[in-house]
>>> print(open('upload.cif').read())   # mmCIF, C-alpha atoms, pLDDT in the B column; chains and numbers go by the auth columns
data_target
#
loop_
_atom_site.group_PDB
_atom_site.id
_atom_site.type_symbol
_atom_site.label_atom_id
_atom_site.label_comp_id
_atom_site.label_asym_id
_atom_site.label_seq_id
_atom_site.Cartn_x
_atom_site.Cartn_y
_atom_site.Cartn_z
_atom_site.B_iso_or_equiv
_atom_site.auth_seq_id
_atom_site.auth_asym_id
ATOM 1 C CA MET A 1 38.109 4.956 47.426 51.00 123 E
ATOM 2 C CA ALA A 2 35.523 5.808 44.801 52.00 124 E
ATOM 3 C CA LYS A 3 34.073 2.906 42.893 55.00 125 E
ATOM 4 C CA PRO A 4 35.136 2.736 39.248 53.00 126 E
ATOM 5 C CA ALA A 5 32.463 3.910 36.861 52.00 127 E
ATOM 6 C CA ARG A 6 30.568 1.047 35.284 52.00 128 E
ATOM 7 C CA SER A 7 31.467 0.593 31.646 52.00 129 E
ATOM 8 C CA LEU A 8 28.775 1.523 29.136 53.00 130 E
ATOM 9 C CA ALA A 9 30.362 -0.606 26.441 53.00 131 E
ATOM 10 C CA PRO A 10 28.042 -3.624 26.801 57.00 132 E
ATOM 11 C CA LYS A 11 24.960 -1.394 26.562 54.00 133 E
ATOM 12 C CA LEU A 12 26.332 0.454 23.573 49.00 134 E
ATOM 13 C CA VAL A 13 27.326 -2.741 21.843 49.00 135 E
ATOM 14 C CA GLY A 14 23.879 -4.220 22.464 54.00 136 E
ATOM 15 C CA ARG A 15 22.194 -1.050 21.189 55.00 137 E
ATOM 16 C CA GLU A 16 24.399 -0.906 18.105 51.00 138 E
ATOM 17 C CA SER A 17 23.753 -4.590 17.460 51.00 139 E
ATOM 18 C CA ARG A 18 19.993 -4.069 17.640 58.00 140 E
ATOM 19 C CA ALA A 19 20.231 -1.042 15.352 56.00 141 E
ATOM 20 C CA ALA A 20 22.260 -3.030 12.816 55.00 142 E
ATOM 21 C CA GLY A 21 19.765 -5.875 13.048 62.00 143 E
ATOM 22 C CA ASN A 22 16.827 -3.534 12.485 81.00 144 E
ATOM 23 C CA ALA A 23 18.628 -1.994 9.517 90.00 145 E
ATOM 24 C CA THR A 24 19.080 -5.456 8.009 92.00 146 E
ATOM 25 C CA ARG A 25 15.424 -6.298 8.543 94.00 147 E
ATOM 26 C CA ASP A 26 14.347 -2.989 7.002 95.00 148 E
ATOM 27 C CA ARG A 27 16.626 -3.617 4.013 96.00 149 E
ATOM 28 C CA VAL A 28 15.134 -7.072 3.505 97.00 150 E
ATOM 29 C CA LEU A 29 11.618 -5.617 3.481 97.00 151 E
ATOM 30 C CA ALA A 30 12.608 -2.807 1.113 97.00 152 E
ATOM 31 C CA VAL A 31 14.207 -5.094 -1.470 97.00 153 E
ATOM 32 C CA ALA A 32 11.373 -7.627 -1.116 97.00 154 E
ATOM 33 C CA LEU A 33 8.841 -4.883 -1.838 97.00 155 E
ATOM 34 C CA ASP A 34 10.770 -3.882 -4.975 95.00 156 E
ATOM 35 C CA LEU A 35 10.980 -7.493 -6.138 96.00 157 E
ATOM 36 C CA PHE A 36 7.319 -8.228 -5.408 95.00 158 E
ATOM 37 C CA ASN A 37 6.270 -5.075 -7.266 91.00 159 E
ATOM 38 C CA ALA A 38 8.431 -5.980 -10.253 89.00 160 E
ATOM 39 C CA HIS A 39 7.733 -9.710 -10.532 90.00 161 E
ATOM 40 C CA GLY A 40 4.939 -10.727 -8.162 90.00 162 E
ATOM 41 C CA PRO A 41 5.379 -12.442 -4.788 93.00 163 E
ATOM 42 C CA ASP A 42 4.743 -15.897 -6.240 91.00 164 E
ATOM 43 C CA ARG A 43 7.677 -15.509 -8.674 93.00 165 E
ATOM 44 C CA VAL A 44 10.217 -14.259 -6.124 96.00 166 E
ATOM 45 C CA THR A 45 12.152 -16.707 -3.945 96.00 167 E
ATOM 46 C CA THR A 46 13.804 -16.178 -0.579 96.00 168 E
ATOM 47 C CA ALA A 47 17.119 -16.695 -2.380 96.00 169 E
ATOM 48 C CA ASP A 48 16.242 -13.757 -4.675 97.00 170 E
ATOM 49 C CA ILE A 49 15.440 -11.588 -1.667 97.00 171 E
ATOM 50 C CA ALA A 50 18.627 -12.536 0.200 96.00 172 E
ATOM 51 C CA ALA A 51 20.758 -11.802 -2.860 96.00 173 E
ATOM 52 C CA ALA A 52 19.117 -8.419 -3.386 97.00 174 E
ATOM 53 C CA ALA A 53 19.635 -7.581 0.298 96.00 175 E
ATOM 54 C CA ALA A 54 23.301 -8.657 0.081 95.00 176 E
ATOM 55 C CA ILE A 55 22.989 -11.254 2.838 95.00 177 E
ATOM 56 C CA ASN A 56 23.078 -15.030 2.744 93.00 178 E
ATOM 57 C CA GLU A 57 19.865 -17.001 2.901 93.00 179 E
ATOM 58 C CA GLY A 58 20.682 -18.281 6.387 91.00 180 E
ATOM 59 C CA ASN A 59 20.745 -14.708 7.692 92.00 181 E
ATOM 60 C CA LEU A 60 17.415 -14.051 6.009 95.00 182 E
ATOM 61 C CA TYR A 61 15.872 -16.987 7.866 92.00 183 E
ATOM 62 C CA TYR A 62 16.996 -15.427 11.148 92.00 184 E
ATOM 63 C CA TRP A 63 14.514 -12.634 10.465 92.00 185 E
ATOM 64 C CA PHE A 64 11.890 -14.419 8.384 95.00 186 E
ATOM 65 C CA ALA A 65 11.508 -18.194 8.409 93.00 187 E
ATOM 66 C CA ARG A 66 9.096 -18.136 5.458 94.00 188 E
ATOM 67 C CA LYS A 67 8.377 -15.833 2.533 95.00 189 E
ATOM 68 C CA ALA A 68 4.824 -15.487 3.843 95.00 190 E
ATOM 69 C CA GLN A 69 6.225 -13.730 6.921 96.00 191 E
ATOM 70 C CA ILE A 70 7.891 -11.166 4.673 97.00 192 E
ATOM 71 C CA VAL A 71 4.570 -10.561 2.930 96.00 193 E
ATOM 72 C CA GLU A 72 2.863 -10.121 6.301 96.00 194 E
ATOM 73 C CA ALA A 73 5.506 -7.642 7.466 97.00 195 E
ATOM 74 C CA ILE A 74 5.106 -5.586 4.281 97.00 196 E
ATOM 75 C CA PHE A 75 1.329 -5.722 4.737 96.00 197 E
ATOM 76 C CA VAL A 76 1.745 -4.066 8.140 96.00 198 E
ATOM 77 C CA GLN A 77 3.590 -1.216 6.397 97.00 199 E
ATOM 78 C CA PHE A 78 0.892 -1.075 3.696 96.00 200 E
ATOM 79 C CA GLU A 79 -1.853 -1.039 6.334 95.00 201 E
ATOM 80 C CA THR A 80 -0.234 1.908 8.112 96.00 202 E
ATOM 81 C CA ALA A 81 0.299 3.790 4.847 96.00 203 E
ATOM 82 C CA MET A 82 -3.295 3.249 3.678 94.00 204 E
ATOM 83 C CA LEU A 83 -4.775 4.478 6.939 93.00 205 E
ATOM 84 C CA GLU A 84 -2.522 7.546 6.839 94.00 206 E
ATOM 85 C CA VAL A 85 -3.801 8.325 3.341 93.00 207 E
ATOM 86 C CA ALA A 86 -7.427 7.646 4.263 92.00 208 E
ATOM 87 C CA HIS A 87 -7.279 9.790 7.437 91.00 209 E
ATOM 88 C CA ARG A 88 -5.249 12.618 5.884 89.00 210 E
ATOM 89 C CA ASP A 89 -6.277 16.095 6.998 86.00 211 E
ATOM 90 C CA LEU A 90 -8.190 17.804 4.220 84.00 212 E
ATOM 91 C CA GLY A 91 -6.984 21.291 5.063 82.00 213 E
ATOM 92 C CA ALA A 92 -9.266 23.707 3.186 86.00 214 E
ATOM 93 C CA PRO A 93 -12.434 21.637 2.518 87.00 215 E
ATOM 94 C CA ASN A 94 -13.961 24.238 0.188 87.00 216 E
ATOM 95 C CA LEU A 95 -11.147 24.073 -2.389 86.00 217 E
ATOM 96 C CA ARG A 96 -11.063 21.568 -5.233 84.00 218 E
ATOM 97 C CA GLU A 97 -7.250 21.400 -4.981 87.00 219 E
ATOM 98 C CA THR A 98 -7.604 19.879 -1.515 87.00 220 E
ATOM 99 C CA TYR A 99 -9.246 16.795 -2.980 87.00 221 E
ATOM 100 C CA ASP A 100 -6.799 16.583 -5.872 85.00 222 E
ATOM 101 C CA THR A 101 -4.043 16.281 -3.258 87.00 223 E
ATOM 102 C CA TYR A 102 -6.054 13.687 -1.347 89.00 224 E
ATOM 103 C CA GLN A 103 -6.565 11.676 -4.526 87.00 225 E
ATOM 104 C CA ARG A 104 -2.867 11.802 -5.406 86.00 226 E
ATOM 105 C CA GLY A 105 -2.143 10.226 -2.040 89.00 227 E
ATOM 106 C CA TRP A 106 -4.116 7.158 -3.132 89.00 228 E
ATOM 107 C CA PHE A 107 -2.254 6.957 -6.441 84.00 229 E
ATOM 108 C CA ASP A 108 1.081 7.209 -4.636 87.00 230 E
ATOM 109 C CA LEU A 109 -0.025 4.349 -2.376 91.00 231 E
ATOM 110 C CA THR A 110 -0.976 2.267 -5.409 87.00 232 E
ATOM 111 C CA ARG A 111 2.415 2.873 -6.980 85.00 233 E
ATOM 112 C CA GLU A 112 4.417 2.080 -3.846 91.00 234 E
ATOM 113 C CA TYR A 113 2.532 -1.100 -2.937 93.00 235 E
ATOM 114 C CA ARG A 114 1.208 -2.125 -6.327 88.00 236 E
ATOM 115 C CA PHE A 115 1.666 -5.877 -5.840 90.00 237 E
ATOM 116 C CA PHE A 116 -1.068 -5.826 -3.181 90.00 238 E
ATOM 117 C CA TYR A 117 -3.450 -4.487 -5.831 85.00 239 E
ATOM 118 C CA ARG A 118 -2.167 -6.557 -8.734 83.00 240 E
ATOM 119 C CA ASP A 119 -1.581 -9.959 -7.128 86.00 241 E
ATOM 120 C CA GLY A 120 -4.553 -10.377 -4.835 81.00 242 E
ATOM 121 C CA MET A 121 -5.295 -13.982 -5.766 81.00 243 E
ATOM 122 C CA ALA A 122 -1.669 -15.066 -5.347 85.00 244 E
ATOM 123 C CA LEU A 123 -1.476 -13.318 -1.977 87.00 245 E
ATOM 124 C CA ARG A 124 -4.629 -14.943 -0.649 86.00 246 E
ATOM 125 C CA ALA A 125 -3.282 -18.347 -1.665 87.00 247 E
ATOM 126 C CA MET A 126 0.124 -17.646 -0.128 89.00 248 E
ATOM 127 C CA VAL A 127 -1.070 -15.989 3.094 92.00 249 E
ATOM 128 C CA PRO A 128 -4.768 -16.869 3.575 92.00 250 E
ATOM 129 C CA GLU A 129 -4.842 -15.287 7.032 89.00 251 E
ATOM 130 C CA LEU A 130 -4.458 -11.854 5.388 90.00 252 E
ATOM 131 C CA LYS A 131 -7.961 -12.066 3.909 89.00 253 E
ATOM 132 C CA SER A 132 -9.802 -10.909 7.043 92.00 254 E
ATOM 133 C CA ARG A 133 -7.236 -8.173 7.700 92.00 255 E
ATOM 134 C CA ILE A 134 -7.534 -6.878 4.140 90.00 256 E
ATOM 135 C CA ASN A 135 -11.333 -6.838 4.425 90.00 257 E
ATOM 136 C CA ALA A 136 -11.164 -4.906 7.705 93.00 258 E
ATOM 137 C CA LEU A 137 -8.653 -2.447 6.236 93.00 259 E
ATOM 138 C CA ASN A 138 -10.807 -1.848 3.163 92.00 260 E
ATOM 139 C CA THR A 139 -13.918 -1.299 5.293 94.00 261 E
ATOM 140 C CA ASN A 140 -12.094 1.284 7.402 94.00 262 E
ATOM 141 C CA ALA A 141 -10.622 3.093 4.399 93.00 263 E
ATOM 142 C CA GLN A 142 -13.922 3.101 2.490 95.00 264 E
ATOM 143 C CA SER A 143 -15.637 4.669 5.482 95.00 265 E
ATOM 144 C CA GLU A 144 -13.058 7.464 5.473 93.00 266 E
ATOM 145 C CA VAL A 145 -13.457 8.040 1.734 94.00 267 E
ATOM 146 C CA ARG A 146 -17.222 8.225 2.198 95.00 268 E
ATOM 147 C CA GLN A 147 -16.713 10.977 4.782 94.00 269 E
ATOM 148 C CA VAL A 148 -14.482 12.878 2.356 93.00 270 E
ATOM 149 C CA PHE A 149 -17.171 12.690 -0.332 94.00 271 E
ATOM 150 C CA ASP A 150 -19.731 13.910 2.204 95.00 272 E
ATOM 151 C CA VAL A 151 -17.507 16.931 2.942 93.00 273 E
ATOM 152 C CA MET A 152 -17.244 17.597 -0.791 93.00 274 E
ATOM 153 C CA ARG A 153 -21.022 17.467 -1.105 95.00 275 E
ATOM 154 C CA SER A 154 -21.529 19.839 1.819 95.00 276 E
ATOM 155 C CA ASN A 155 -19.091 22.297 0.197 93.00 277 E
ATOM 156 C CA GLY A 156 -20.869 22.220 -3.152 94.00 278 E
ATOM 157 C CA LEU A 157 -18.052 20.419 -4.966 93.00 279 E
ATOM 158 C CA MET A 158 -19.899 17.178 -5.620 95.00 280 E
ATOM 159 C CA ARG A 159 -23.464 16.265 -6.523 96.00 281 E
ATOM 160 C CA ALA A 160 -24.428 12.679 -5.687 97.00 282 E
ATOM 161 C CA THR A 161 -27.077 10.789 -3.734 97.00 283 E
ATOM 162 C CA ASP A 162 -26.217 8.420 -0.912 97.00 284 E
ATOM 163 C CA ASP A 163 -26.858 5.508 -3.261 97.00 285 E
ATOM 164 C CA ASP A 164 -24.579 7.113 -5.857 97.00 286 E
ATOM 165 C CA LEU A 165 -21.775 7.334 -3.316 97.00 287 E
ATOM 166 C CA ALA A 166 -22.211 3.731 -2.182 97.00 288 E
ATOM 167 C CA ALA A 167 -21.944 2.528 -5.790 97.00 289 E
ATOM 168 C CA LEU A 168 -19.074 4.924 -6.558 96.00 290 E
ATOM 169 C CA ILE A 169 -16.965 3.750 -3.616 96.00 291 E
ATOM 170 C CA ALA A 170 -17.550 0.090 -4.484 96.00 292 E
ATOM 171 C CA ASN A 171 -16.546 0.740 -8.098 95.00 293 E
ATOM 172 C CA LEU A 172 -13.481 2.733 -7.044 93.00 294 E
ATOM 173 C CA TRP A 173 -12.259 -0.255 -5.035 91.00 295 E
ATOM 174 C CA ILE A 174 -13.038 -2.689 -7.852 90.00 296 E
ATOM 175 C CA VAL A 175 -11.209 -0.643 -10.477 91.00 297 E
ATOM 176 C CA SER A 176 -8.292 0.140 -8.151 86.00 298 E
ATOM 177 C CA GLY A 177 -7.923 -3.545 -7.374 81.00 299 E
ATOM 178 C CA TYR A 178 -8.179 -4.971 -10.884 84.00 300 E
ATOM 179 C CA TRP A 179 -7.056 -2.420 -13.451 86.00 301 E
ATOM 180 C CA MET A 180 -3.443 -3.666 -13.279 82.00 302 E
ATOM 181 C CA ASP A 181 -4.458 -7.189 -14.286 79.00 303 E
ATOM 182 C CA PHE A 182 -6.544 -5.770 -17.120 85.00 304 E
ATOM 183 C CA TYR A 183 -3.680 -3.556 -18.311 84.00 305 E
ATOM 184 C CA ALA A 184 -1.183 -6.415 -18.218 78.00 306 E
ATOM 185 C CA LEU A 185 -3.510 -8.659 -20.257 80.00 307 E
ATOM 186 C CA ARG A 186 -4.022 -5.961 -22.888 83.00 308 E
ATOM 187 C CA HIS A 187 -0.304 -5.202 -23.102 78.00 309 E
ATOM 188 C CA ASP A 188 1.072 -8.738 -23.086 75.00 310 E
ATOM 189 C CA GLY A 189 2.175 -8.794 -19.462 63.00 311 E
ATOM 190 C CA ALA A 190 3.678 -5.311 -19.485 61.00 312 E
ATOM 191 C CA VAL A 191 5.413 -4.193 -16.293 66.00 313 E
ATOM 192 C CA ILE A 192 3.417 -1.596 -14.366 67.00 314 E
ATOM 193 C CA GLU A 193 5.524 1.530 -14.752 73.00 315 E
ATOM 194 C CA ALA A 194 4.795 5.259 -14.923 77.00 316 E
ATOM 195 C CA GLU A 195 2.786 5.094 -18.183 82.00 317 E
ATOM 196 C CA ALA A 196 0.600 2.281 -16.859 83.00 318 E
ATOM 197 C CA LEU A 197 0.061 4.042 -13.541 81.00 319 E
ATOM 198 C CA ALA A 198 -1.044 7.196 -15.352 84.00 320 E
ATOM 199 C CA TRP A 199 -3.489 5.079 -17.379 88.00 321 E
ATOM 200 C CA GLY A 200 -4.864 3.527 -14.193 86.00 322 E
ATOM 201 C CA ALA A 201 -5.244 6.927 -12.559 85.00 323 E
ATOM 202 C CA ARG A 202 -7.335 8.105 -15.512 89.00 324 E
ATOM 203 C CA GLN A 203 -9.670 5.126 -15.145 91.00 325 E
ATOM 204 C CA VAL A 204 -10.213 5.876 -11.472 89.00 326 E
ATOM 205 C CA GLU A 205 -10.691 9.597 -12.111 90.00 327 E
ATOM 206 C CA SER A 206 -13.286 8.844 -14.788 94.00 328 E
ATOM 207 C CA LEU A 207 -15.506 7.258 -12.154 95.00 329 E
ATOM 208 C CA VAL A 208 -15.508 10.362 -9.954 93.00 330 E
ATOM 209 C CA ARG A 209 -15.649 13.028 -12.672 93.00 331 E
ATOM 210 C CA PRO A 210 -19.404 12.769 -13.491 95.00 332 E
ATOM 211 C CA TYR A 211 -20.271 13.691 -9.909 95.00 333 E
ATOM 212 C CA LEU A 212 -18.030 16.749 -9.633 93.00 334 E
ATOM 213 C CA VAL A 213 -19.592 20.199 -9.801 90.00 335 E
#
>>> encode(input="upload.cif", output="C-alpha cells")
Amino acid sequence: MAKPARSLAPKLVGRESRAAGNATRDRVLAVALDLFNAHGPDRVTTADIAAAAAINEGNLYYWFARKAQIVEAIFVQFETAMLEVAHRDLGAPNLRETYDTYQRGWFDLTREYRFFYRDGMALRAMVPELKSRINALNTNAQSEVRQVFDVMRSNGLMRATDDDLAALIANLWIVSGYWMDFYALRHDGAVIEAEALAWGARQVESLVRPYLV
C-alpha cells in the first residue's frame, strides 16, 4: 500500500506565519519612520509607534525591545538607500541631465530619511554605537561623490581643482546635515515639508553651481 502523502500544512502555516510576522515588522518600521520624520525620534514613544502600527505595545516588544533598536533597523534601510544613491549608474556621463538625475536621488534620500539629517545630536545620544557606522557610511558615500565630480570634470562639465572638490564635498555634507535645523530655527520650528525641502535643495545646489561649466 502506498504511503499517504505527507501534509504540507505545517510548512505552509509556518511560512505564512513568518510572512505575517515580517509584514508586522515592516509596518512598525514604516510608521516609526513617518513619526520620527514628523516629530523627531526623541519625541516619539514606543506607545506612539505601536498605536500607529495598530498593534499593542506588547507585540511591539516582541520585535523591538527598545526604541533604539527601531532606530538601528531604520538606519540599516537608510544605509542601503544611501549606498544605492551614491553608487548609481551615471548612464551618459557627457550629459548635464545625467547629473541632475543623480542629484535628485540625494534630495529624495534626504526627504525620505530626513530625521537622520535633522536630529543628529538626538540620535547620537540615543544610539551612540551608530556614530562609527555613520562616519563609515559618510566616508564611503563621499568617495563616490568625488568620483562623480571627477567624471564631470573629465567630460568638461565642471571646472574645479582637487582642493576645490575636497572643500566642496565637505561643505555639501555640512549643509545637507544642518540646513534643516537652521530652517526650523528661522521659521519657529516649522515642519520640514515640500517648501522647506525645496529651500534646502537650493542651498545645496548653490554650492555646486559656481563650479559648473
>>> residues_around(input="upload.cif", residues="Ala195 (chain E)", least_positions_apart="5", cutoff="12 Å", atoms="only C-alpha atoms", output="PyMOL selection string")
chain E and resi 147-148+150-152+154-155+185-186+188-190+200-202+249+252
>>> closest_residue(input="upload.cif", among="E:Trp228, E:Phe158, E:Phe237, E:Trp301", to="Leu205 (chain E)", atoms="all atoms listed in the file")
E:Trp228
>>> resolve_selection(input="upload.cif", expression="the PyMOL selection byres ((chain E and resi 212) around 9)", output="PyMOL selection string")
chain E and resi 209-211+213-215+220-221+223-224+270
>>> atom_distance(input="upload.cif", atom1="CA of Arg281 (chain E)", atom2="CA of Tyr333 (chain E)")
5.3 Å
>>> resolve_selection(input="upload.cif", expression="the PyMOL selection byres ((chain E and resi 243) around 12)", output="list of chain:residue names")
E:Gly162, E:Pro163, E:Asp164, E:Phe237, E:Phe238, E:Tyr239, E:Arg240, E:Asp241, E:Gly242, E:Ala244, E:Leu245, E:Arg246, E:Ala247, E:Met248, E:Val249, E:Pro250, E:Leu252, E:Lys253, E:Gly299, E:Tyr300, E:Asp303
>>> resolve_selection(input="upload.cif", expression="the PyMOL selection byres ((chain E and resi 293-298) around 10)", output="ChimeraX atom specification")
/E:228-229,232,236,239-240,260,264,287-292,299-302,304,322-323,325-330
>>> closest_residue(input="upload.cif", among="E:Ala208, E:Ala306, E:Leu217, E:Ala316", to="Val267 (chain E)", atoms="all atoms listed in the file")
E:Ala208
>>> atom_distance(input="upload.cif", atom1="CA of Leu182 (chain E)", atom2="CA of Leu157 (chain E)")
15.2 Å
>>> atom_distance(input="upload.cif", atom1="CA of Leu334 (chain E)", atom2="CA of Met280 (chain E)")
4.4 Å
>>> closest_residue(input="upload.cif", among="E:Gln269, E:Glu206, E:Ala169, E:Ala318", to="Gly227 (chain E)", atoms="all atoms listed in the file")
E:Glu206
>>> closest_residue(input="upload.cif", among="E:Thr261, E:Val335, E:Tyr305, E:Tyr235", to="Ser276 (chain E)", atoms="only C-alpha atoms")
E:Val335
>>> closest_residue(input="upload.cif", among="E:Ala203, E:Asn216, E:Ile192, E:Val198", to="Gly278 (chain E)", atoms="only C-alpha atoms")
E:Asn216
>>> closest_residue(input="upload.cif", among="E:Asn159, E:Arg331, E:Glu234, E:Met204", to="Leu259 (chain E)", atoms="all atoms listed in the file")
E:Met204
